[in-house]
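Peer 1: What follows is entry_13.cif, made up of mmCIF, C-alpha atoms:
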```
data_my_file
loop_
_atom_site.label_atom_id
_atom_site.label_comp_id
_atom_site.auth_asym_id
_atom_site.auth_seq_id
_atom_site.Cartn_x
_atom_site.Cartn_y
_atom_site.Cartn_z
CA LYS A 492 44.81 -76.27 55.82
CA ILE A 493 41.11 -76.83 55.25
CA LEU A 494 40.89 -79.17 58.26
CA PHE A 495 42.65 -76.84 60.69
CA GLY A 496 40.82 -73.83 59.28
CA SER A 497 37.50 -75.57 59.90
CA LEU A 498 38.56 -76.46 63.44
CA ALA A 499 39.54 -72.86 64.13
CA VAL A 500 36.22 -71.48 62.83
CA ALA A 501 34.24 -74.05 64.81
CA GLY A 502 36.29 -73.24 67.88
CA LEU A 503 35.58 -69.53 67.61
CA LEU A 504 31.85 -70.18 67.25
CA SER A 505 31.91 -72.52 70.26
CA PHE A 506 33.75 -70.00 72.45
CA ALA A 507 30.92 -67.51 71.88
CA GLN A 508 29.02 -69.53 74.53
CA ALA A 509 32.03 -70.91 76.40
CA GLU A 510 32.33 -71.92 80.04
CA PHE A 511 35.00 -69.94 81.90
CA ASP A 512 36.99 -71.95 84.48
CA PRO A 513 39.63 -70.01 86.47
CA TYR A 514 42.14 -71.78 88.73
CA GLY A 515 45.19 -71.08 90.84
CA HIS A 516 47.06 -71.68 94.06
CA LEU A 517 49.25 -70.02 96.66
CA GLY A 518 51.52 -72.45 98.46
CA LEU A 519 54.43 -72.91 100.82
CA TYR A 520 56.68 -76.00 100.77
CA GLY A 521 59.57 -77.00 103.01
CA GLU A 522 61.97 -79.94 103.04
CA THR A 523 64.66 -81.08 105.47
CA ASN A 524 67.06 -84.00 105.34
CA THR A 525 67.32 -85.27 108.91
CA SER A 526 70.66 -86.99 108.17
CA ASP A 527 72.32 -84.13 106.29
CA ASN A 528 70.62 -80.72 106.49
CA LYS A 529 72.99 -78.85 104.15
CA LYS A 530 70.37 -78.85 101.40
CA ASP A 531 67.30 -77.95 103.47
CA TYR A 532 65.09 -75.39 101.77
CA ALA A 533 61.66 -73.81 101.64
CA GLY A 534 59.86 -71.97 98.87
CA LEU A 535 56.76 -69.94 98.13
CA SER A 536 54.84 -70.57 94.90
CA ALA A 537 51.72 -69.32 93.18
CA SER A 538 49.82 -70.01 89.98
CA VAL A 539 46.91 -68.45 88.15
CA GLY A 540 45.18 -69.35 84.93
CA PHE A 541 41.94 -70.16 83.16
CA ASN A 542 40.36 -72.63 80.77
CA LEU A 543 37.60 -71.89 78.27
CA TYR A 544 35.34 -74.78 77.26
CA GLY A 545 32.74 -74.84 74.52
CA GLY A 546 31.42 -77.39 72.04
CA GLY A 547 34.29 -79.81 72.62
CA PHE A 548 36.90 -77.08 72.13
CA SER A 549 39.05 -75.63 74.89
CA PHE A 550 41.68 -72.96 75.30
CA GLY A 551 43.87 -72.35 78.31
CA LEU A 552 46.39 -69.83 79.57
CA GLY A 553 48.23 -69.94 82.88
CA GLY A 554 51.45 -69.18 84.71
CA TRP A 555 53.47 -70.17 87.77
CA ALA A 556 55.74 -68.04 89.95
CA ALA A 557 58.00 -69.13 92.81
CA ILE A 558 60.84 -67.91 95.03
CA PRO A 559 63.01 -69.66 97.63
CA ILE A 560 62.44 -68.17 101.10
CA TYR A 561 64.94 -70.31 103.00
CA GLU A 562 68.04 -72.33 102.16
CA ASN A 563 70.51 -73.77 104.64
CA THR A 564 73.36 -73.54 102.14
CA LYS A 565 73.68 -70.43 99.98
CA LYS A 566 72.45 -70.91 96.40
CA ASN A 567 71.32 -74.47 97.15
CA ALA A 568 67.83 -73.67 95.82
CA ASP A 569 69.08 -72.15 92.55
CA ASN A 570 68.33 -75.33 90.60
CA ILE A 571 65.14 -76.07 92.55
CA TYR A 572 63.32 -72.74 92.26
CA LYS A 573 65.44 -71.92 89.24
CA ASP A 574 62.94 -69.63 87.49
CA MET A 575 60.76 -66.98 89.09
CA PHE A 576 58.03 -67.22 86.44
CA VAL A 577 56.92 -69.84 83.92
CA LEU A 578 54.21 -69.55 81.28
CA SER A 579 52.97 -73.04 82.13
CA GLU A 580 49.83 -73.29 79.99
CA ALA A 581 49.09 -71.86 76.55
CA TYR A 582 47.15 -74.47 74.63
CA PHE A 583 44.32 -75.16 72.22
CA ALA A 584 42.44 -78.47 72.34
CA TYR A 585 39.52 -80.33 70.86
CA ASP A 586 38.02 -83.37 72.55
CA SER A 587 35.13 -85.58 71.48
CA LYS A 588 34.36 -89.23 72.04
CA PRO A 589 36.27 -90.55 69.01
CA PHE A 590 38.93 -87.87 68.62
CA GLY A 591 41.04 -85.53 70.72
CA ILE A 592 43.99 -83.22 70.08
CA THR A 593 45.94 -80.82 72.31
CA LEU A 594 48.59 -78.40 71.04
CA GLY A 595 50.84 -75.92 72.86
CA ARG A 596 51.89 -75.93 76.51
CA TYR A 597 49.67 -78.07 78.73
CA ASP A 598 49.47 -80.35 81.75
CA THR A 599 49.83 -84.08 80.95
CA ASN A 600 49.39 -85.50 84.46
CA LYS A 601 45.85 -86.76 83.80
CA MET A 602 46.55 -88.16 80.34
CA GLY A 603 47.77 -91.53 81.60
CA TYR A 604 51.25 -91.69 80.06
CA GLU A 605 53.45 -94.46 81.44
CA TRP A 606 56.79 -92.62 81.10
CA PHE A 607 55.93 -88.93 80.88
CA SER A 608 54.66 -86.44 83.48
CA GLY A 609 54.47 -82.74 84.21
CA HIS A 610 53.86 -80.15 81.49
CA ASN A 611 54.57 -80.60 77.81
CA GLU A 612 55.32 -78.19 74.97
CA GLY A 613 54.22 -80.09 71.92
CA GLY A 614 51.13 -82.07 71.09
CA SER A 615 48.95 -85.00 72.13
CA LEU A 616 46.62 -86.94 69.88
CA ARG A 617 43.95 -89.53 70.65
CA PHE A 618 41.62 -91.46 68.33
CA GLY A 619 39.05 -93.97 69.53
CA ILE A 620 37.54 -96.78 67.50
CA GLY A 621 34.25 -97.94 69.01
CA ASN A 622 34.50 -99.08 72.60
CA PHE A 623 37.37 -101.48 72.03
CA MET A 624 40.37 -99.45 70.85
CA ASN A 625 42.14 -96.17 71.61
CA ILE A 626 45.14 -94.97 69.56
CA TRP A 627 47.31 -92.23 71.02
CA ALA A 628 50.48 -90.29 70.24
CA LEU A 629 52.65 -87.74 72.04
CA TYR A 630 55.28 -85.30 70.78
CA SER A 631 57.42 -83.26 73.16
CA TYR A 632 59.72 -80.43 72.12
CA GLU A 633 60.26 -79.22 75.69
CA GLN A 634 59.13 -80.34 79.14
CA ALA A 635 58.65 -78.69 82.54
CA PHE A 636 57.45 -79.67 86.04
CA GLN A 637 58.80 -83.24 85.77
CA PHE A 638 58.88 -83.24 89.58
CA GLN A 639 55.09 -83.59 89.40
CA ARG A 640 54.44 -87.33 89.29
CA VAL A 641 51.16 -89.15 88.83
CA ASN A 642 50.07 -91.26 91.83
CA ARG A 643 52.05 -89.03 94.22
CA GLU A 644 49.75 -86.02 94.63
CA THR A 645 49.84 -86.38 98.44
CA ALA A 646 53.11 -84.38 98.32
CA SER A 647 51.25 -81.32 96.93
CA GLN A 648 53.51 -81.10 93.81
CA ILE A 649 54.71 -77.54 94.53
CA ASN A 650 58.24 -78.38 95.68
CA ALA A 651 60.16 -76.79 92.77
CA LEU A 652 59.87 -74.59 89.68
CA TRP A 653 61.83 -74.36 86.47
CA ASN A 654 61.01 -73.31 82.95
CA TYR A 655 60.47 -75.49 79.92
CA GLU A 656 63.73 -77.13 78.84
CA ARG A 657 64.84 -79.07 75.80
CA HIS A 658 65.40 -82.76 76.25
CA THR A 659 68.86 -84.34 76.56
CA ASN A 660 71.22 -82.93 73.91
CA LYS A 661 68.27 -81.03 72.35
CA SER A 662 66.59 -84.27 71.33
CA HIS A 663 62.91 -84.66 70.45
CA LEU A 664 60.72 -87.04 72.42
CA ALA A 665 57.86 -88.96 70.82
CA ALA A 666 55.62 -91.79 71.96
CA ALA A 667 52.70 -93.76 70.58
CA GLY A 668 50.53 -96.64 71.66
CA ILE A 669 47.27 -98.55 71.42
CA ASP A 670 44.82 -99.44 74.19
CA LEU A 671 42.73 -102.54 73.49
CA PHE A 672 39.67 -102.83 75.75
CA PHE A 673 37.95 -106.11 76.50
CA GLY A 674 34.85 -104.74 78.17
CA ASP A 675 35.52 -102.97 81.47
CA VAL A 676 37.63 -105.88 82.73
CA PHE A 677 40.84 -106.34 80.72
CA THR A 678 43.09 -103.90 78.83
CA ILE A 679 46.20 -104.52 76.72
CA SER A 680 48.31 -101.41 76.08
CA PRO A 681 51.42 -101.76 73.88
CA TYR A 682 53.48 -98.58 73.41
CA ALA A 683 56.86 -97.21 72.40
CA TYR A 684 58.84 -94.13 73.51
CA PHE A 685 61.56 -92.55 71.39
CA LEU A 686 64.17 -89.91 72.13
CA THR A 687 66.03 -88.92 68.99
CA ARG A 688 69.76 -89.72 69.07
CA GLN A 689 69.27 -91.33 72.51
CA PHE A 690 66.99 -94.36 72.89
CA VAL A 691 63.99 -96.40 71.87
CA ALA A 692 61.78 -97.97 74.55
CA PRO A 693 58.90 -100.31 73.59
CA GLY A 694 56.71 -101.91 76.23
CA VAL A 695 53.29 -103.19 77.21
CA THR A 696 50.90 -102.92 80.17
CA LEU A 697 48.26 -105.56 80.97
CA ASP A 698 45.46 -104.44 83.30
CA LEU A 699 42.85 -106.71 84.90
CA LEU A 700 40.09 -104.94 86.85
CA LEU A 701 37.51 -106.96 88.76
CA GLY A 702 34.74 -104.87 90.27
CA LYS A 703 34.25 -101.11 90.18
CA LYS A 704 36.70 -98.47 91.43
CA ASN A 705 33.94 -96.73 93.41
CA ASP A 706 33.10 -100.01 95.18
CA LEU A 707 34.94 -103.23 96.05
CA TYR A 708 37.56 -104.06 93.43
CA SER A 709 40.78 -105.88 92.58
CA GLN A 710 43.22 -104.46 90.04
CA THR A 711 46.19 -106.47 88.76
CA GLN A 712 48.77 -104.90 86.45
CA PHE A 713 51.75 -106.41 84.64
CA LYS A 714 54.21 -104.02 83.02
CA TYR A 715 57.15 -104.72 80.74
CA THR A 716 59.47 -102.15 79.15
CA PHE A 717 62.69 -102.58 77.18
CA ILE A 718 65.09 -99.72 76.50
CA ASP A 719 68.04 -99.61 74.15
CA GLY A 720 70.35 -96.77 73.22
CA VAL A 721 70.77 -95.78 69.60
CA SER A 722 74.17 -95.64 67.96
CA GLY A 723 76.39 -93.01 69.57
CA SER A 724 74.33 -92.53 72.76
CA LEU A 725 75.40 -93.38 76.32
CA VAL A 726 72.13 -95.15 77.16
CA SER A 727 72.55 -98.80 78.17
CA SER A 728 70.01 -101.45 77.26
CA GLY A 729 67.79 -102.66 80.07
CA GLN A 730 64.46 -104.27 80.92
CA LEU A 731 61.76 -103.83 83.56
CA PHE A 732 59.34 -106.55 84.67
CA LEU A 733 56.73 -105.36 87.18
CA ILE A 734 53.58 -106.83 88.70
CA ASP A 735 51.32 -104.77 90.95
CA GLN A 736 48.25 -105.89 92.88
CA GLU A 737 45.78 -103.41 94.40
CA PHE A 738 42.67 -104.19 96.43
CA GLY A 739 40.32 -101.37 97.27
CA TYR A 740 36.97 -100.29 98.52
CA ASP A 741 35.75 -96.83 97.54
CA TRP A 742 38.41 -94.40 98.86
CA PHE A 743 40.71 -96.99 100.53
CA LYS A 744 43.37 -99.16 98.87
CA ILE A 745 45.97 -101.74 99.92
CA GLY A 746 48.31 -104.01 98.04
CA GLY A 747 51.82 -104.81 96.95
CA GLY A 748 54.06 -105.57 94.05
CA TYR A 749 57.39 -106.78 92.75
CA TYR A 750 59.74 -105.62 90.02
CA LYS A 751 62.97 -106.81 88.47
CA THR A 752 65.34 -104.90 86.19
CA THR A 753 68.08 -106.26 83.98
CA GLY A 754 71.05 -104.61 82.29
CA GLY A 755 71.14 -100.87 82.93
CA GLY A 756 67.51 -100.74 84.03
CA LEU A 757 65.23 -97.89 83.04
CA GLY A 758 66.93 -94.96 84.75
CA SER A 759 67.06 -93.04 81.47
CA LEU A 760 63.26 -93.15 81.21
CA THR A 761 62.43 -92.04 84.75
CA SER A 762 63.88 -88.60 83.97
CA TYR A 763 60.73 -87.88 81.93
CA GLY A 764 58.15 -89.37 84.26
CA ASP A 765 56.83 -92.67 85.57
CA SER A 766 53.63 -94.09 87.01
CA SER A 767 55.14 -96.01 89.93
CA ARG A 768 54.06 -95.69 93.56
CA PHE A 769 57.47 -94.66 94.93
CA TYR A 770 58.11 -91.26 96.52
CA GLY A 771 61.89 -91.33 96.03
CA SER A 772 61.49 -89.04 93.01
CA MET A 773 59.66 -86.38 95.01
CA VAL A 774 62.56 -85.20 97.19
CA GLY A 775 65.98 -83.75 96.45
CA VAL A 776 64.84 -82.51 93.02
CA ALA A 777 66.80 -80.16 90.79
CA SER A 778 66.99 -79.13 87.15
CA THR A 779 69.96 -78.56 84.87
CA VAL A 780 69.54 -76.74 81.56
CA GLY A 781 69.89 -79.04 78.55
CA THR A 782 69.79 -82.29 80.52
CA GLY A 783 66.37 -82.03 82.14
CA PHE A 784 65.21 -83.44 85.45
CA HIS A 785 67.78 -84.56 88.01
CA ASN A 786 67.14 -86.50 91.18
CA LYS A 787 68.59 -89.86 92.10
CA VAL A 788 65.33 -91.73 92.30
CA GLY A 789 67.05 -95.05 92.96
CA TYR A 790 64.24 -97.27 91.68
CA PHE A 791 64.20 -99.00 88.26
CA THR A 792 68.00 -98.73 87.93
CA GLY A 793 70.23 -101.59 86.84
CA LYS A 794 69.87 -105.19 88.04
CA GLN A 795 67.41 -104.67 90.88
CA SER A 796 64.98 -107.10 92.48
CA THR A 797 62.52 -105.24 94.73
CA TRP A 798 59.24 -106.01 96.46
CA TYR A 799 56.93 -103.44 98.04
CA ALA A 800 53.72 -103.10 100.03
CA PHE A 801 51.46 -100.07 100.21
CA MET A 802 48.33 -98.62 101.76
CA GLY A 803 46.53 -95.46 100.81
CA ALA A 804 43.38 -93.37 100.88
CA ARG A 805 41.82 -90.71 98.65
CA HIS A 806 38.96 -89.24 100.67
CA ASN A 807 37.24 -85.92 100.07
CA VAL A 808 38.91 -84.41 103.13
CA PHE A 809 42.21 -86.30 103.37
CA LYS A 810 44.81 -88.24 101.41
CA PHE A 811 47.21 -90.81 102.82
CA ASP A 812 50.05 -92.91 101.41
CA LEU A 813 52.20 -95.49 103.24
CA LEU A 814 54.77 -97.55 101.34
CA TYR A 815 57.59 -99.92 102.26
CA ALA A 816 59.99 -101.27 99.64
CA ASN A 817 62.91 -103.65 100.15
CA GLY A 818 65.47 -105.36 97.98
CA GLY A 819 67.57 -103.59 95.37
CA TYR A 820 65.65 -100.40 96.12
CA LYS A 821 64.62 -99.48 99.66
CA GLU A 822 62.06 -96.89 100.71
CA LEU A 823 59.85 -96.16 103.69
CA SER A 824 57.43 -93.30 103.03
CA ALA A 825 54.42 -92.01 104.90
CA LEU A 826 52.51 -88.92 103.72
CA LEU A 827 49.28 -87.40 104.96
CA SER A 828 47.39 -84.33 103.77
CA PHE A 829 44.01 -82.73 104.50
CA VAL A 830 41.65 -80.61 102.43
CA LEU A 831 39.41 -78.12 104.23
CA PHE A 832 36.46 -76.29 102.65
CA ASN A 833 37.64 -77.56 99.22
CA HIS A 834 40.15 -74.70 99.08
CA LEU A 835 42.84 -75.26 101.74
CA GLU A 836 45.21 -78.22 101.60
CA PHE A 837 48.03 -78.94 104.04
CA GLY A 838 50.14 -81.94 104.89
CA ALA A 839 53.45 -83.49 105.88
CA GLY A 840 55.48 -86.57 105.12
CA TYR A 841 58.52 -88.69 105.94
CA ILE A 842 60.56 -90.37 103.20
CA ASP A 843 63.50 -92.64 104.11
CA LEU A 844 65.65 -93.78 101.18
CA ALA A 845 67.81 -96.25 103.03
CA ASN A 846 70.06 -97.38 100.18
CA THR A 847 70.86 -94.04 98.56
CA GLN A 848 73.96 -91.93 99.22
CA GLY A 849 75.08 -93.90 102.27
CA ASN A 850 71.68 -93.67 104.01
CA LYS A 851 71.86 -89.89 104.16
CA ARG A 852 68.51 -89.20 102.54
CA ASN A 853 65.85 -89.21 105.23
CA TYR A 854 63.42 -86.40 104.46
CA VAL A 855 60.68 -84.63 106.33
CA THR A 856 58.44 -82.53 104.12
CA GLY A 857 55.57 -80.15 104.76
CA PHE A 858 53.32 -77.89 102.76
CA VAL A 859 50.25 -75.67 102.91
CA LYS A 860 48.39 -74.66 99.76
CA ALA A 861 45.34 -72.51 99.10
CA ILE A 862 43.61 -73.61 95.91
CA TRP A 863 40.81 -72.18 93.77
#
```
Can the structure in the file be given as structure tokens, please?
Peer 2:
Amino acid sequence: KILFGSLAVAGLLSFAQAEFDPYGHLGLYGETNTSDNKKDYAGLSASVGFNLYGGGFSFGLGGWAAIPIYENTKKNADNIYKDMFVLSEAYFAYDSKPFGITLGRYDTNKMGYEWFSGHNEGGSLRFGIGNFMNIWALYSYEQAFQFQRVNRETASQINALWNYERHTNKSHLAAAGIDLFFGDVFTISPYAYFLTRQFVAPGVTLDLLLGKKNDLYSQTQFKYTFIDGVSGSLVSSGQLFLIDQEFGYDWFKIGGGYYKTTGGGLGSLTSYGDSSRFYGSMVGVASTVGTGFHNKVGYFTGKQSTWYAFMGARHNVFKFDLLYANGGYKELSALLSFVLFNHLEFGAGYIDLANTQGNKRNYVTGFVKAIW
């Protein structure tokens, strides 16, 4: 009580000279399946909110609204734009070099979680020890916006809207891990994810970075995750082995990778988020109350052996992603977007998921979004 009371008093004193940071967007998104257009749709979305920063403390409040404006089949968009309004952010946070905590409803997409994305209702904790160790933890009571995936921002991330929902069978999700830094070159990151009454999923990421990200560099990552269902759950045990190689110079990148899954794969984990490069999770999305995020992503499922190659760019005025994957999972995706005057973003993409649903998932997407 004394600790949190002190934090609250310090926060109030800091907010007396706080920085006010408003944000928002107004966007239009459309999606068509060129092989089967029964589920084509388009929607209009908007968001508005603000953050207050002062003395390491921050407070944020924000909301999203969305409505479907076109659907080829009646009520097709009911589980895509399922809610007209969502209180997306309502959080309190403190962040300093050694310690950080966030509580409430907040965006996790820049927090670097391996198997969690979108918005969380719960808490995040981080504690640093010198320059060589970072300890973190995550608790999630409810989750929203799982369709927003890290590494795939070229798709604009405004293609759906639903409210915060409990996890599968009203379970609680928790995760924790340690990042061990060996200078700016090598990082070892063991972690574990838990979903009560469902599964436990330990893993590790090894990251080797040669050079600087704003110059010429090489980044090699090896990822391993094991998942096993707890007694009484329907989750099958499975493993993921993945190696990813990226070469880049400033805003341009190129590379490839390979992954192999065993057993039932990691399909149960991808429902909550993943940090892969694939766009198969960005189309055909829907939400079902009580069971969370639903789209047949295809990748990381049981007994797959898949290689992929990619090319991309993150320039001030445009973003570009091109990816080809073959093997147990197949994908050809090309997405391009532009940013004008720092406030208008628009783009389009093509995503061909050749091995899913009898090759009837070949999507063309487009969006325009005003941002502030």
Peer 1: For the interface of range 716-795 of chain A with range 521-545 of chain A (cut-off 12 Å, counting all atoms listed in the file), please tabulate each contacting residue of range 716-795 of chain A alongside its nearest pair of atoms and their separation in Å to one decimal, rows sorted by chain and increasing number, as a tab-separated table.
Peer 2:
```
residue	atom	partner	partner_atom	distance
A:Met773	CA	A:Glu522	CA	10.5
A:Val774	CA	A:Glu522	CA	7.9
A:Gly775	CA	A:Lys530	CA	8.2
A:Val776	CA	A:Lys530	CA	10.7
A:Ala777	CA	A:Lys530	CA	11.3
```
Peer 1: Quick one: residues within 8 Å of Pro693 in chain A, all atoms listed in the file, excluding same-chain residues fewer than 2 positions away - as a ChimeraX atom specification?
Peer 2: /A:681-684,691,695,716-718
Peer 1: Produce the centre coordinates and the three edge lengths, each in Å to one decimal, of the box along x, y and z that contains all listed atoms of range 759-764 of chain A with 3 Å added on each side, as AutoDock Vina command-line options.
Peer 2:
```
--center_x 62.6 --center_y -90.5 --center_z 83.0 --size_x 14.9 --size_y 11.3 --size_z 9.5
```
Peer 1: Which neighbours of Lys794 in chain A fall inside 7 Å, counting all atoms listed in the file, when residues of the same chain fewer than 5 positions from it are skipped, and could you give them as a PyMOL selection string?
Peer 2: chain A and resi 752-756
Peer 1: Taking all atoms listed in the file into account, name the residue in A:Leu701, A:Thr792, A:Tyr604, A:Ser762 that is nearest to Gly729 in chain A.
Peer 2: A:Thr792
Peer 1: With distances taken over all atoms listed in the file, which residue among A:Phe677, A:Ala665, A:Phe638, A:Lys714 lies nearest Gly771 in chain A?
Peer 2: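 Looking only at the distances to Gly771 in chain A, the closest residue turns out to be A:Phe638.
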Peer 1: Identify the residues around (57.4, -77.7, 95.1) within a radius of 8 Å, measuring from only C-alpha atoms in the coordinates stated by the file, and give them as JSON, numbers by chain.
Peer 2: {"A": [520, 534, 536, 638, 647, 648, 649, 650, 651, 652]}
Peer 1: Within 8 Å of range 588-598 of chain A, counting only C-alpha atoms, which residues show up once you throw out same-chain ones fewer than 3 positions away? Write them as a PDB file with C-alpha atoms, in the frame of the given file, please.
Peer 2:
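Listed below is the output, out.pdb:
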```pdb
ATOM      1  CA  SER A 579      52.970 -73.040  82.130  1.00  0.00           C
ATOM      2  CA  GLU A 580      49.830 -73.290  79.990  1.00  0.00           C
ATOM      3  CA  ALA A 581      49.090 -71.860  76.550  1.00  0.00           C
ATOM      4  CA  TYR A 582      47.150 -74.470  74.630  1.00  0.00           C
ATOM      5  CA  PHE A 583      44.320 -75.160  72.220  1.00  0.00           C
ATOM      6  CA  ALA A 584      42.440 -78.470  72.340  1.00  0.00           C
ATOM      7  CA  TYR A 585      39.520 -80.330  70.860  1.00  0.00           C
ATOM      8  CA  LYS A 601      45.850 -86.760  83.800  1.00  0.00           C
ATOM      9  CA  GLY A 609      54.470 -82.740  84.210  1.00  0.00           C
ATOM     10  CA  HIS A 610      53.860 -80.150  81.490  1.00  0.00           C
ATOM     11  CA  ASN A 611      54.570 -80.600  77.810  1.00  0.00           C
ATOM     12  CA  GLU A 612      55.320 -78.190  74.970  1.00  0.00           C
ATOM     13  CA  GLY A 613      54.220 -80.090  71.920  1.00  0.00           C
ATOM     14  CA  GLY A 614      51.130 -82.070  71.090  1.00  0.00           C
ATOM     15  CA  SER A 615      48.950 -85.000  72.130  1.00  0.00           C
ATOM     16  CA  LEU A 616      46.620 -86.940  69.880  1.00  0.00           C
ATOM     17  CA  ARG A 617      43.950 -89.530  70.650  1.00  0.00           C
ATOM     18  CA  PHE A 618      41.620 -91.460  68.330  1.00  0.00           C
ATOM     19  CA  GLY A 619      39.050 -93.970  69.530  1.00  0.00           C
ATOM     20  CA  ILE A 620      37.540 -96.780  67.500  1.00  0.00           C
ATOM     21  CA  GLY A 621      34.250 -97.940  69.010  1.00  0.00           C
TER      22      GLY A 621
END
```
Peer 1: If you count all atoms listed in the file, which residues fall within 8 Å of range 722-725 of chain A, apart from same-chain ones fewer than 2 positions away, as a PyMOL selection string?
Peer 2: chain A and resi 688-690+720+727
